[in-house]
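Raw my_file.pdb, PDB, C-alpha atoms:
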MODEL        1
ATOM      1  CA  MET A   1     -23.727   7.489 -31.667
ATOM      2  CA  ARG A   2     -20.319   5.927 -32.472
ATOM      3  CA  VAL A   3     -17.158   7.089 -30.706
ATOM      4  CA  GLY A   4     -13.571   6.018 -30.111
ATOM      5  CA  MET A   5     -13.169   4.810 -26.536
ATOM      6  CA  LEU A   6      -9.927   4.956 -24.531
ATOM      7  CA  PHE A   7      -9.672   3.223 -21.155
ATOM      8  CA  PRO A   8      -7.280   4.301 -18.372
ATOM      9  CA  GLY A   9      -4.792   2.122 -16.532
ATOM     10  CA  GLN A  10      -3.306   1.840 -13.077
ATOM     11  CA  GLY A  11      -2.487   5.114 -11.357
ATOM     12  CA  SER A  12      -5.844   6.763 -12.083
ATOM     13  CA  GLN A  13      -7.551   5.304  -8.990
ATOM     14  CA  ALA A  14      -8.935   7.623  -6.305
ATOM     15  CA  VAL A  15     -11.123   7.174  -3.255
ATOM     16  CA  GLY A  16     -14.726   7.968  -4.151
ATOM     17  CA  MET A  17     -14.445   6.637  -7.691
ATOM     18  CA  GLY A  18     -17.835   5.463  -8.923
ATOM     19  CA  ALA A  19     -19.829   6.521  -5.847
ATOM     20  CA  ASP A  20     -21.868   9.222  -7.571
ATOM     21  CA  LEU A  21     -22.429   6.968 -10.587
ATOM     22  CA  VAL A  22     -23.963   4.255  -8.418
ATOM     23  CA  GLU A  23     -26.264   6.792  -6.745
ATOM     24  CA  THR A  24     -27.535   8.051 -10.108
ATOM     25  CA  PHE A  25     -27.363   5.306 -12.741
ATOM     26  CA  PRO A  26     -28.815   1.815 -12.199
ATOM     27  CA  GLU A  27     -26.539   0.414 -14.914
ATOM     28  CA  ALA A  28     -23.475   1.494 -12.918
ATOM     29  CA  ARG A  29     -24.940   0.112  -9.689
ATOM     30  CA  ALA A  30     -25.434  -3.284 -11.301
ATOM     31  CA  VAL A  31     -21.811  -3.405 -12.479
ATOM     32  CA  PHE A  32     -20.380  -2.733  -9.017
ATOM     33  CA  GLN A  33     -22.769  -5.224  -7.406
ATOM     34  CA  ARG A  34     -21.793  -7.928  -9.885
ATOM     35  CA  ALA A  35     -18.088  -7.284  -9.301
ATOM     36  CA  ASP A  36     -18.555  -7.719  -5.549
ATOM     37  CA  GLU A  37     -20.234 -11.068  -6.209
ATOM     38  CA  VAL A  38     -17.481 -12.256  -8.550
ATOM     39  CA  LEU A  39     -14.621 -11.229  -6.257
ATOM     40  CA  GLY A  40     -16.225 -12.293  -3.001
ATOM     41  CA  PHE A  41     -15.499  -9.032  -1.194
ATOM     42  CA  GLU A  42     -16.836  -5.456  -1.220
ATOM     43  CA  LEU A  43     -14.744  -3.833  -3.918
ATOM     44  CA  ALA A  44     -17.418  -1.143  -4.207
ATOM     45  CA  ALA A  45     -16.922  -0.085  -0.573
ATOM     46  CA  LEU A  46     -13.165   0.079  -1.140
ATOM     47  CA  CYS A  47     -13.661   2.279  -4.214
ATOM     48  CA  PHE A  48     -16.140   4.570  -2.495
ATOM     49  CA  ARG A  49     -14.536   4.906   0.948
ATOM     50  CA  GLY A  50     -10.958   3.653   0.703
ATOM     51  CA  PRO A  51      -8.528   3.723   2.434
ATOM     52  CA  ILE A  52      -6.344   4.902  -0.438
ATOM     53  CA  ASP A  53      -3.393   2.688   0.541
ATOM     54  CA  THR A  54      -5.542  -0.432   0.226
ATOM     55  CA  LEU A  55      -7.204   0.774  -2.966
ATOM     56  CA  THR A  56      -3.793   1.475  -4.500
ATOM     57  CA  GLU A  57      -2.533  -2.076  -3.912
ATOM     58  CA  THR A  58      -2.050  -3.536  -7.374
ATOM     59  CA  ARG A  59      -4.397  -6.472  -6.760
ATOM     60  CA  ASN A  60      -7.180  -4.026  -5.780
ATOM     61  CA  ALA A  61      -6.481  -1.075  -8.072
ATOM     62  CA  GLN A  62      -6.656  -3.183 -11.220
ATOM     63  CA  PRO A  63     -10.176  -4.609 -10.716
ATOM     64  CA  ALA A  64     -11.355  -1.284  -9.253
ATOM     65  CA  LEU A  65     -10.348   0.642 -12.358
ATOM     66  CA  LEU A  66     -11.817  -1.945 -14.713
ATOM     67  CA  VAL A  67     -15.128  -2.011 -12.832
ATOM     68  CA  HIS A  68     -15.333   1.782 -12.803
ATOM     69  CA  SER A  69     -14.677   1.949 -16.561
ATOM     70  CA  VAL A  70     -17.269  -0.716 -17.328
ATOM     71  CA  ALA A  71     -19.815   1.064 -15.102
ATOM     72  CA  VAL A  72     -19.394   4.204 -17.225
ATOM     73  CA  LEU A  73     -19.463   2.100 -20.390
ATOM     74  CA  ARG A  74     -22.793   0.502 -19.475
ATOM     75  CA  VAL A  75     -24.380   3.897 -18.819
ATOM     76  CA  LEU A  76     -23.228   5.085 -22.230
ATOM     77  CA  GLU A  77     -24.383   1.908 -23.983
ATOM     78  CA  ALA A  78     -27.850   2.180 -22.432
ATOM     79  CA  ARG A  79     -28.143   5.602 -24.047
ATOM     80  CA  GLY A  80     -27.069   4.550 -27.507
ATOM     81  CA  VAL A  81     -23.366   5.425 -27.326
ATOM     82  CA  ALA A  82     -21.207   2.589 -28.683
ATOM     83  CA  PRO A  83     -17.532   2.305 -29.634
ATOM     84  CA  SER A  84     -16.332   2.142 -33.226
ATOM     85  CA  VAL A  85     -12.771   1.360 -32.037
ATOM     86  CA  VAL A  86     -11.256   0.859 -28.578
ATOM     87  CA  ALA A  87      -7.874   0.962 -26.882
ATOM     88  CA  GLY A  88      -6.775   0.782 -23.266
ATOM     89  CA  HIS A  89      -3.568   1.777 -21.520
ATOM     90  CA  SER A  90      -1.997  -1.351 -19.976
ATOM     91  CA  LEU A  91      -4.681  -2.560 -17.527
ATOM     92  CA  GLY A  92      -7.185  -0.509 -19.536
ATOM     93  CA  GLU A  93      -6.838  -2.953 -22.414
ATOM     94  CA  TYR A  94      -9.048  -5.371 -20.471
ATOM     95  CA  SER A  95     -11.765  -2.727 -20.190
ATOM     96  CA  ALA A  96     -11.389  -2.166 -23.930
ATOM     97  CA  LEU A  97     -11.856  -5.881 -24.586
ATOM     98  CA  VAL A  98     -15.072  -5.870 -22.553
ATOM     99  CA  ALA A  99     -16.298  -2.876 -24.556
ATOM    100  CA  ALA A 100     -15.469  -4.705 -27.798
ATOM    101  CA  GLY A 101     -17.325  -7.852 -26.721
ATOM    102  CA  ALA A 102     -14.166  -9.989 -26.687
ATOM    103  CA  LEU A 103     -14.300 -10.650 -22.925
ATOM    104  CA  GLN A 104     -17.212 -11.181 -20.591
ATOM    105  CA  PHE A 105     -17.187  -8.625 -17.786
ATOM    106  CA  GLU A 106     -17.039 -11.302 -15.080
ATOM    107  CA  ASP A 107     -14.058 -12.989 -16.738
ATOM    108  CA  ALA A 108     -12.258  -9.667 -17.087
ATOM    109  CA  VAL A 109     -12.728  -8.986 -13.361
ATOM    110  CA  ARG A 110     -11.220 -12.379 -12.504
ATOM    111  CA  ILE A 111      -8.311 -11.877 -14.896
ATOM    112  CA  VAL A 112      -7.290  -8.441 -13.654
ATOM    113  CA  ARG A 113      -7.522  -9.509 -10.020
ATOM    114  CA  ARG A 114      -5.171 -12.391 -10.834
ATOM    115  CA  ARG A 115      -3.000 -10.124 -12.988
ATOM    116  CA  GLY A 116      -2.578  -7.697 -10.102
ATOM    117  CA  GLU A 117      -1.659 -10.506  -7.700
ATOM    118  CA  LEU A 118       0.919 -11.890 -10.119
ATOM    119  CA  MET A 119       2.467  -8.507 -10.850
ATOM    120  CA  PHE A 120       2.773  -7.737  -7.138
ATOM    121  CA  ALA A 121       4.335 -11.146  -6.420
ATOM    122  CA  SER A 122       6.768 -10.713  -9.287
ATOM    123  CA  GLY A 123       7.829  -7.378  -7.822
ATOM    124  CA  LEU A 124       8.665  -9.109  -4.539
ATOM    125  CA  GLU A 125      10.596 -11.891  -6.256
ATOM    126  CA  GLN A 126      12.524  -9.561  -8.566
ATOM    127  CA  PRO A 127      12.458  -6.065  -7.069
ATOM    128  CA  GLY A 128      12.370  -3.244  -9.544
ATOM    129  CA  THR A 129      11.056   0.239 -10.113
ATOM    130  CA  MET A 130       9.853   2.648 -12.791
ATOM    131  CA  ALA A 131      10.544   6.262 -13.710
ATOM    132  CA  ALA A 132       8.688   8.815 -15.822
ATOM    133  CA  VAL A 133      10.743  10.912 -18.236
ATOM    134  CA  ILE A 134       9.398  14.040 -19.937
ATOM    135  CA  GLY A 135      11.132  16.183 -22.509
ATOM    136  CA  ALA A 136      14.125  13.963 -23.315
ATOM    137  CA  ALA A 137      15.163  13.325 -26.908
ATOM    138  CA  PRO A 138      14.505   9.715 -28.026
ATOM    139  CA  GLU A 139      18.187   9.167 -28.741
ATOM    140  CA  ALA A 140      19.060  10.358 -25.230
ATOM    141  CA  VAL A 141      16.591   7.875 -23.714
ATOM    142  CA  GLU A 142      18.004   5.043 -25.820
ATOM    143  CA  ALA A 143      21.577   5.938 -24.894
ATOM    144  CA  ALA A 144      20.750   6.195 -21.181
ATOM    145  CA  CYS A 145      18.994   2.829 -21.187
ATOM    146  CA  ALA A 146      21.864   1.160 -23.058
ATOM    147  CA  ALA A 147      24.435   2.493 -20.587
ATOM    148  CA  ALA A 148      22.294   1.690 -17.548
ATOM    149  CA  ARG A 149      22.005  -1.971 -18.550
ATOM    150  CA  ALA A 150      25.482  -2.431 -17.105
ATOM    151  CA  HIS A 151      23.671  -2.280 -13.746
ATOM    152  CA  GLY A 152      20.698  -4.509 -14.586
ATOM    153  CA  VAL A 153      17.451  -4.402 -16.526
ATOM    154  CA  CYS A 154      16.469  -1.044 -18.025
ATOM    155  CA  ASP A 155      13.608  -1.079 -20.543
ATOM    156  CA  VAL A 156      11.212   1.497 -21.941
ATOM    157  CA  ALA A 157       7.889   0.380 -20.462
ATOM    158  CA  ASN A 158       5.551   3.017 -21.894
ATOM    159  CA  TYR A 159       5.848   5.128 -25.011
ATOM    160  CA  ASN A 160       3.156   7.508 -23.800
ATOM    161  CA  ALA A 161       3.675  10.495 -26.083
ATOM    162  CA  PRO A 162       6.397  11.907 -28.342
ATOM    163  CA  ASP A 163       8.033  13.634 -25.364
ATOM    164  CA  GLN A 164       7.029  11.251 -22.581
ATOM    165  CA  VAL A 165       8.234   7.740 -21.771
ATOM    166  CA  VAL A 166       8.349   5.533 -18.692
ATOM    167  CA  LEU A 167      11.390   3.410 -17.862
ATOM    168  CA  SER A 168      11.180   0.114 -15.988
ATOM    169  CA  GLY A 169      13.749  -2.281 -14.581
ATOM    170  CA  SER A 170      16.220  -3.001 -11.792
ATOM    171  CA  VAL A 171      16.506  -0.298  -9.140
ATOM    172  CA  ALA A 172      20.209   0.364  -9.731
ATOM    173  CA  ALA A 173      19.784   0.486 -13.512
ATOM    174  CA  ILE A 174      16.804   2.839 -13.385
ATOM    175  CA  GLU A 175      18.587   5.157 -10.962
ATOM    176  CA  ASP A 176      21.580   5.231 -13.299
ATOM    177  CA  ALA A 177      19.383   6.037 -16.304
ATOM    178  CA  MET A 178      17.593   8.764 -14.342
ATOM    179  CA  ALA A 179      20.874  10.437 -13.451
ATOM    180  CA  ARG A 180      22.049  10.315 -17.061
ATOM    181  CA  LEU A 181      18.806  11.824 -18.379
ATOM    182  CA  GLU A 182      18.777  14.562 -15.757
ATOM    183  CA  GLY A 183      22.241  15.471 -16.970
ATOM    184  CA  HIS A 184      21.129  15.567 -20.602
ATOM    185  CA  GLY A 185      18.377  18.144 -20.359
ATOM    186  CA  ALA A 186      15.234  16.129 -19.619
ATOM    187  CA  LYS A 187      12.485  18.460 -18.383
ATOM    188  CA  MET A 188      11.395  15.996 -15.709
ATOM    189  CA  VAL A 189      12.663  12.666 -14.411
ATOM    190  CA  LYS A 190      10.586  11.190 -11.606
ATOM    191  CA  ARG A 191      10.679   7.801  -9.932
ATOM    192  CA  LEU A 192       7.223   6.283  -9.618
ATOM    193  CA  ASN A 193       5.659   4.740  -6.520
ATOM    194  CA  VAL A 194       5.080   1.235  -7.872
ATOM    195  CA  SER A 195       5.509  -2.283  -6.505
ATOM    196  CA  GLY A 196       7.500  -3.660  -9.426
ATOM    197  CA  ALA A 197       9.101  -3.157 -12.817
ATOM    198  CA  PHE A 198       5.946  -3.457 -14.911
ATOM    199  CA  HIS A 199       6.224  -3.916 -18.680
ATOM    200  CA  SER A 200       9.852  -5.019 -18.472
ATOM    201  CA  GLU A 201      11.609  -8.364 -18.720
ATOM    202  CA  LEU A 202      11.402  -8.604 -14.921
ATOM    203  CA  MET A 203       7.698  -9.399 -15.419
ATOM    204  CA  GLN A 204       8.395 -12.588 -17.414
ATOM    205  CA  SER A 205       7.407 -14.920 -14.567
ATOM    206  CA  ALA A 206       4.125 -13.043 -14.092
ATOM    207  CA  ALA A 207       3.524 -13.176 -17.849
ATOM    208  CA  ALA A 208       4.021 -16.951 -17.902
ATOM    209  CA  SER A 209       1.606 -17.516 -15.010
ATOM    210  CA  LEU A 210      -0.974 -15.161 -16.488
ATOM    211  CA  ALA A 211      -0.709 -16.976 -19.825
ATOM    212  CA  GLU A 212      -1.776 -20.203 -18.115
ATOM    213  CA  PHE A 213      -4.687 -18.421 -16.453
ATOM    214  CA  LEU A 214      -5.784 -16.864 -19.750
ATOM    215  CA  ASP A 215      -5.903 -20.287 -21.385
ATOM    216  CA  GLY A 216      -8.862 -21.070 -19.137
ATOM    217  CA  ILE A 217     -10.813 -17.952 -20.153
ATOM    218  CA  ALA A 218     -13.094 -17.626 -23.167
ATOM    219  CA  VAL A 219     -11.934 -14.943 -25.601
ATOM    220  CA  ARG A 220     -14.181 -14.139 -28.556
ATOM    221  CA  ASP A 221     -13.645 -12.179 -31.756
ATOM    222  CA  ALA A 222     -13.987  -8.472 -31.040
ATOM    223  CA  GLN A 223     -17.031  -6.727 -32.506
ATOM    224  CA  VAL A 224     -14.958  -3.575 -33.167
ATOM    225  CA  PRO A 225     -11.208  -3.138 -33.631
ATOM    226  CA  VAL A 226      -9.060  -3.262 -30.496
ATOM    227  CA  VAL A 227      -5.771  -1.391 -30.899
ATOM    228  CA  ALA A 228      -3.383  -3.597 -28.932
ATOM    229  CA  ASN A 229      -0.699  -2.266 -26.578
ATOM    230  CA  VAL A 230       1.968  -4.655 -27.845
ATOM    231  CA  THR A 231       1.657  -3.915 -31.569
ATOM    232  CA  ALA A 232      -0.316  -0.637 -31.732
ATOM    233  CA  ARG A 233      -2.375  -2.260 -34.490
ATOM    234  CA  PRO A 234      -6.116  -2.940 -34.669
ATOM    235  CA  VAL A 235      -7.056  -6.540 -33.906
ATOM    236  CA  THR A 236     -10.356  -8.428 -33.901
ATOM    237  CA  GLU A 237      -9.338 -12.125 -34.024
ATOM    238  CA  ALA A 238      -9.783 -13.940 -30.701
ATOM    239  CA  ALA A 239      -6.644 -16.073 -30.987
ATOM    240  CA  LEU A 240      -4.442 -13.043 -31.621
ATOM    241  CA  LEU A 241      -6.096 -11.029 -28.847
ATOM    242  CA  ARG A 242      -5.319 -13.836 -26.383
ATOM    243  CA  GLU A 243      -1.695 -14.093 -27.561
ATOM    244  CA  LEU A 244      -1.140 -10.355 -27.246
ATOM    245  CA  LEU A 245      -2.575 -10.329 -23.715
ATOM    246  CA  LYS A 246      -0.095 -13.033 -22.756
ATOM    247  CA  ARG A 247       2.769 -10.817 -23.924
ATOM    248  CA  GLN A 248       1.423  -7.540 -22.620
ATOM    249  CA  ILE A 249       2.734  -7.212 -19.051
ATOM    250  CA  ALA A 250       6.342  -7.917 -20.062
ATOM    251  CA  SER A 251       6.188  -5.768 -23.232
ATOM    252  CA  PRO A 252       6.161  -1.992 -23.699
ATOM    253  CA  VAL A 253       2.882  -0.123 -24.022
ATOM    254  CA  ARG A 254       3.001   1.627 -27.396
ATOM    255  CA  TRP A 255       0.437   4.262 -26.462
ATOM    256  CA  ASP A 256       1.688   7.020 -28.736
ATOM    257  CA  GLU A 257       1.330   4.757 -31.785
ATOM    258  CA  SER A 258      -1.940   3.324 -30.458
ATOM    259  CA  VAL A 259      -3.667   6.703 -30.278
ATOM    260  CA  ARG A 260      -2.451   7.488 -33.787
ATOM    261  CA  ALA A 261      -3.864   4.146 -34.958
ATOM    262  CA  VAL A 262      -7.211   4.921 -33.319
ATOM    263  CA  ARG A 263      -7.290   8.329 -34.990
ATOM    264  CA  ALA A 264      -6.414   6.811 -38.371
ATOM    265  CA  LEU A 265      -9.598   4.718 -38.189
ATOM    266  CA  ASP A 266     -11.624   7.966 -38.025
ATOM    267  CA  PRO A 267     -13.711   6.925 -35.014
ATOM    268  CA  GLY A 268     -15.448  10.236 -34.426
ATOM    269  CA  PRO A 269     -15.181  11.850 -30.967
ATOM    270  CA  LEU A 270     -12.741  10.299 -28.475
ATOM    271  CA  LEU A 271     -13.914   9.494 -24.955
ATOM    272  CA  GLU A 272     -11.727   8.563 -22.001
ATOM    273  CA  VAL A 273     -14.036   6.123 -20.228
ATOM    274  CA  GLY A 274     -13.210   5.741 -16.554
ATOM    275  CA  ALA A 275     -11.202   7.349 -13.779
ATOM    276  CA  GLY A 276      -9.133  10.497 -14.236
ATOM    277  CA  SER A 277      -8.064  12.353 -17.345
ATOM    278  CA  VAL A 278      -4.534  11.092 -18.015
ATOM    279  CA  LEU A 279      -5.381   9.755 -21.467
ATOM    280  CA  LYS A 280      -7.129  12.982 -22.440
ATOM    281  CA  GLY A 281      -3.919  14.840 -21.713
ATOM    282  CA  LEU A 282      -1.782  12.341 -23.587
ATOM    283  CA  ALA A 283      -4.073  12.489 -26.614
ATOM    284  CA  ARG A 284      -3.390  16.206 -26.920
ATOM    285  CA  ARG A 285       0.370  15.663 -26.575
ATOM    286  CA  ILE A 286       0.237  13.011 -29.297
ATOM    287  CA  ASP A 287      -2.034  14.843 -31.737
ATOM    288  CA  ARG A 288      -2.822  18.530 -31.247
ATOM    289  CA  GLU A 289      -5.980  18.124 -33.319
ATOM    290  CA  ALA A 290      -7.334  15.295 -31.169
ATOM    291  CA  VAL A 291     -10.358  16.158 -29.043
ATOM    292  CA  CYS A 292     -10.864  13.761 -26.143
ATOM    293  CA  THR A 293     -13.503  14.073 -23.418
ATOM    294  CA  ALA A 294     -12.871  12.436 -20.036
ATOM    295  CA  ILE A 295     -15.992  10.816 -18.601
ATOM    296  CA  GLY A 296     -15.635   9.259 -15.174
ATOM    297  CA  ASP A 297     -18.197  10.801 -12.843
ATOM    298  CA  ARG A 298     -21.809  11.957 -12.803
ATOM    299  CA  ALA A 299     -20.989  15.512 -13.836
ATOM    300  CA  GLY A 300     -18.958  14.327 -16.813
ATOM    301  CA  LEU A 301     -21.598  11.850 -17.876
ATOM    302  CA  ASP A 302     -24.434  14.342 -17.501
ATOM    303  CA  ALA A 303     -22.548  16.936 -19.526
ATOM    304  CA  PHE A 304     -21.817  14.460 -22.305
ATOM    305  CA  LEU A 305     -25.308  12.952 -22.342
ATOM    306  CA  LYS A 306     -26.810  16.431 -22.753
ATOM    307  CA  THR A 307     -24.997  16.678 -26.095
ATOM    308  CA  LEU A 308     -26.867  13.643 -27.451
ATOM    309  CA  PRO A 309     -29.936  14.209 -29.653
ATOM    310  CA  SER A 310     -32.334  12.530 -27.186
ATOM    311  CA  ALA A 311     -30.564  13.356 -23.942
ATOM    312  CA  SER A 312     -32.270  12.020 -20.842
ATOM    313  CA  GLY A 313     -29.618  12.656 -18.198
ATOM    314  CA  GLY A 314     -29.916   9.057 -17.002
ATOM    315  CA  ARG A 315     -32.448   9.620 -14.232
TER
ENDMDL
END
Mind converting the file's structure to structure tokens?
Amino acid sequence: MRVGMLFPGQGSQAVGMGADLVETFPEARAVFQRADEVLGFELAALCFRGPIDTLTETRNAQPALLVHSVAVLRVLEARGVAPSVVAGHSLGEYSALVAAGALQFEDAVRIVRRRGELMFASGLEQPGTMAAVIGAAPEAVEAACAAARAHGVCDVANYNAPDQVVLSGSVAAIEDAMARLEGHGAKMVKRLNVSGAFHSELMQSAAASLAEFLDGIAVRDAQVPVVANVTARPVTEAALLRELLKRQIASPVRWDESVRAVRALDPGPLLEVGAGSVLKGLARRIDREAVCTAIGDRAGLDAFLKTLPSASGGR
């Protein structure tokens, strides 16, 4: 069975993630065990038992989410479910690249651990913040950002859906933009609990360091199209995939356009592969006809596997 696969990013982590998968599916157990070996510490224990504050640290949350997504992916693959196109939200792009065969799982684990460390360090060096905005007109967002730049960096970090964006930048500039948008009828403006101004120009130092790290990692041509965050276009060429990864953490995530690009390739059913159901919700906001199933735990996997012609339930 061929499906479109979407992979979640940071913010979807939760204590207990993956625990029931490891108890039920040997493919998932092998993924978590291999990640522990690669990282040199018990990431699995942190995922299963927390504490949440430690799990949420950027350097831990990023590999945890990737490992969880790949654990689900391997269960699906073992039962004949394969992607026809993939996309991942920010961090999730690395999970997508594993699914597309462009990155080895072990290399992806090393990259996202380093990525998380660099992003956290960049946030200490150049403090910043982020804010979610729902229900503001695009022209109001643009105007607020332009005015707020008098106080520092203010970029759109995520174009998540037609009515939902995330701003990123200097604390003073983001606070100014928030106040302006609240005064112009936005349905919700909420500052996010993050350690830095991700996907803004304040991440340039992290992007440069990550680029050097990526040069030491093998990237292969993708076996299926990967819709890239930076361009929202399908890519398969290894050289271009590497270049886009280098740009990603200082560039906006064009998720709205990315989901539309995935849909345009007519992938069949959409699956959110990994923790939470954020992308399922965004898919519906982007395209009311989109049907996306979130699969991140045993119940979700069992329910989906029962829909397959030769369902075995995985046990």
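Every protein or nucleic acid residue with an atom no more than 12 Å from Ala218 in chain A, counting only C-alpha atoms and leaving out same-chain residues fewer than 5 positions away, appears here: Leu97, Val98, Gly101, Ala102, Leu103, Gln104, Phe105, Glu106, Asp107, Ala108, Ile111, Phe213, Ala238, Ala239, Leu241 and Arg242 of chain A.
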The selected residues should be written to file as a tab-separated table (two decimals), in the coordinates of the input (atoms: C-alpha atoms).
chain	number	residue	atom	x	y	z
A	97	LEU	CA	-11.86	-5.88	-24.59
A	98	VAL	CA	-15.07	-5.87	-22.55
A	101	GLY	CA	-17.32	-7.85	-26.72
A	102	ALA	CA	-14.17	-9.99	-26.69
A	103	LEU	CA	-14.30	-10.65	-22.92
A	104	GLN	CA	-17.21	-11.18	-20.59
A	105	PHE	CA	-17.19	-8.62	-17.79
A	106	GLU	CA	-17.04	-11.30	-15.08
A	107	ASP	CA	-14.06	-12.99	-16.74
A	108	ALA	CA	-12.26	-9.67	-17.09
A	111	ILE	CA	-8.31	-11.88	-14.90
A	213	PHE	CA	-4.69	-18.42	-16.45
A	238	ALA	CA	-9.78	-13.94	-30.70
A	239	ALA	CA	-6.64	-16.07	-30.99
A	241	LEU	CA	-6.10	-11.03	-28.85
A	242	ARG	CA	-5.32	-13.84	-26.38
Nearest to Pro252 in chain A by atom-to-atom distance, counting only C-alpha atoms, from A:Val156, A:Val227, A:Leu214, A:Val194: A:Val156
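Near Glu125 in chain A, within 10 Å and counting all atoms listed in the file, sit A:Met119, A:Phe120, A:Gly196, A:Leu202, A:Met203, A:Ser205, not including residues fewer than 5 positions from it in the same chain.
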Ala232 in chain A surroundings by only C-alpha atoms, 8 Å radius, close-in-sequence under 2 positions cut, as a PyMOL selection string: chain A and resi 227-230+234+254-255+257-258+261
Length of the CA of Glu289 in chain A to CA of Arg263 in chain A vector [Å]: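 Computing it gives 10.0 Å between the two atoms.
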Atom pair CA of Gly185 in chain A / CA of Val253 in chain A: separation (Å):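 Taking CA of Gly185 in chain A as the start and CA of Val253 in chain A as the end point, the length is 24.2 Å.
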Residues in the PyMOL selection byres ((chain A and resi 114) around 12), expressed as number ranges by chain: A: 39, 58-63, 91, 107-113, 115-121, 206-207, 209-214
Non-local contacts of Val133 in chain A (7 Å; all atoms listed in the file; under 6 positions in same chain excluded) as a ChimeraX atom specification: /A:164-166,188-190
Polymer residues at most 10 Å from (-17.4, 8.9, -6.6) by all atoms listed in the file, as JSON, numbers by chain: {"A": [14, 15, 16, 17, 18, 19, 20, 21, 22, 23, 47, 48, 49, 68, 275, 296, 297, 298]}
Separation of CA of Thr236 in chain A from CA of Ala222 in chain A, in Å and rounded to one decimal: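 Between CA of Thr236 in chain A and CA of Ala222 in chain A the gap works out to 4.6 Å.
Nearest residue to Asp287 in chain A, choosing from A:Leu308, A:Ala161, A:Val171, A:Ile217 and counting all atoms listed in the file: A:Ala161.
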List every protein, DNA or RNA residue that has at least one atom no more than 9 Å from (-15.8, -0.9, -14.6) in the file's coordinates, counting only C-alpha atoms, and write the result as a CSV table (one decimal) with C-alpha atoms, in the frame of the given file.
chain,number,residue,atom,x,y,z
A,18,GLY,CA,-17.8,5.5,-8.9
A,28,ALA,CA,-23.5,1.5,-12.9
A,31,VAL,CA,-21.8,-3.4,-12.5
A,32,PHE,CA,-20.4,-2.7,-9.0
A,35,ALA,CA,-18.1,-7.3,-9.3
A,63,PRO,CA,-10.2,-4.6,-10.7
A,64,ALA,CA,-11.4,-1.3,-9.3
A,65,LEU,CA,-10.3,0.6,-12.4
A,66,LEU,CA,-11.8,-1.9,-14.7
A,67,VAL,CA,-15.1,-2.0,-12.8
A,68,HIS,CA,-15.3,1.8,-12.8
A,69,SER,CA,-14.7,1.9,-16.6
A,70,VAL,CA,-17.3,-0.7,-17.3
A,71,ALA,CA,-19.8,1.1,-15.1
A,72,VAL,CA,-19.4,4.2,-17.2
A,73,LEU,CA,-19.5,2.1,-20.4
A,74,ARG,CA,-22.8,0.5,-19.5
A,95,SER,CA,-11.8,-2.7,-20.2
A,105,PHE,CA,-17.2,-8.6,-17.8
A,109,VAL,CA,-12.7,-9.0,-13.4
A,274,GLY,CA,-13.2,5.7,-16.6
Given the PyMOL selection byres ((chain A and resi 277) around 9), the residues it picks as JSON, numbers by chain: {"A": [8, 12, 272, 274, 275, 276, 278, 279, 280, 281, 282, 293, 294, 295, 296]}
Quick one: which range 170-230 of chain A residues come within 6 Å of range 134-144 of chain A, and what is the nearest atom pair for each with the distance in Å to one decimal, counting only C-alpha atoms, rows ordered by chain and ascending number, as a tab-separated table?
residue	atom	partner	partner_atom	distance
A:Ala177	CA	A:Ala144	CA	5.1
A:Arg180	CA	A:Ala144	CA	6.0
A:Ala186	CA	A:Ala136	CA	4.4
A:Lys187	CA	A:Gly135	CA	4.9
A:Met188	CA	A:Ile134	CA	5.1
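Minimum atom-to-atom distance to Arg79 in chain A, evaluated using only C-alpha atoms, belongs to A:Arg2 out of A:Glu243, A:Asp221, A:Val291, A:Arg2.
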Residue nearest Glu175 in chain A - candidates A:Ala131, A:Ala150, A:Met5, A:Ala157, atoms counted: all atoms listed in the file: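 Of A:Ala131, A:Ala150, A:Met5, A:Ala157, the one nearest Glu175 in chain A is A:Ala131, counting all atoms listed in the file.
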Proximity to Leu124 in chain A - best of A:Gln204, A:Gln33, A:Gln10, A:Ser195, all atoms listed in the file: A:Ser195
Could range 54-61 of chain A be completed with N, CA and C atoms and returned as a PDB file, in the coordinates of the input?
ATOM      1  N   THR A  54      -5.013   0.887   0.597  1.00  0.00           N
ATOM      2  CA  THR A  54      -5.542  -0.432   0.226  1.00  0.00           C
ATOM      3  C   THR A  54      -6.050  -0.415  -1.204  1.00  0.00           C
ATOM      4  N   LEU A  55      -6.715   0.658  -1.595  1.00  0.00           N
ATOM      5  CA  LEU A  55      -7.204   0.774  -2.966  1.00  0.00           C
ATOM      6  C   LEU A  55      -6.058   0.759  -3.964  1.00  0.00           C
ATOM      7  N   THR A  56      -4.928   1.351  -3.594  1.00  0.00           N
ATOM      8  CA  THR A  56      -3.793   1.475  -4.500  1.00  0.00           C
ATOM      9  C   THR A  56      -3.007   0.180  -4.645  1.00  0.00           C
ATOM     10  N   GLU A  57      -3.192  -0.780  -3.743  1.00  0.00           N
ATOM     11  CA  GLU A  57      -2.533  -2.076  -3.912  1.00  0.00           C
ATOM     12  C   GLU A  57      -2.877  -2.628  -5.289  1.00  0.00           C
ATOM     13  N   THR A  58      -1.878  -3.116  -5.988  1.00  0.00           N
ATOM     14  CA  THR A  58      -2.050  -3.536  -7.374  1.00  0.00           C
ATOM     15  C   THR A  58      -3.211  -4.513  -7.548  1.00  0.00           C
ATOM     16  N   ARG A  59      -3.345  -5.457  -6.635  1.00  0.00           N
ATOM     17  CA  ARG A  59      -4.397  -6.472  -6.760  1.00  0.00           C
ATOM     18  C   ARG A  59      -5.788  -5.873  -6.607  1.00  0.00           C
ATOM     19  N   ASN A  60      -5.893  -4.710  -5.945  1.00  0.00           N
ATOM     20  CA  ASN A  60      -7.180  -4.026  -5.780  1.00  0.00           C
ATOM     21  C   ASN A  60      -7.396  -2.940  -6.825  1.00  0.00           C
ATOM     22  N   ALA A  61      -6.347  -2.189  -7.127  1.00  0.00           N
ATOM     23  CA  ALA A  61      -6.481  -1.075  -8.072  1.00  0.00           C
ATOM     24  C   ALA A  61      -6.890  -1.565  -9.452  1.00  0.00           C
TER      25      ALA A  61
END
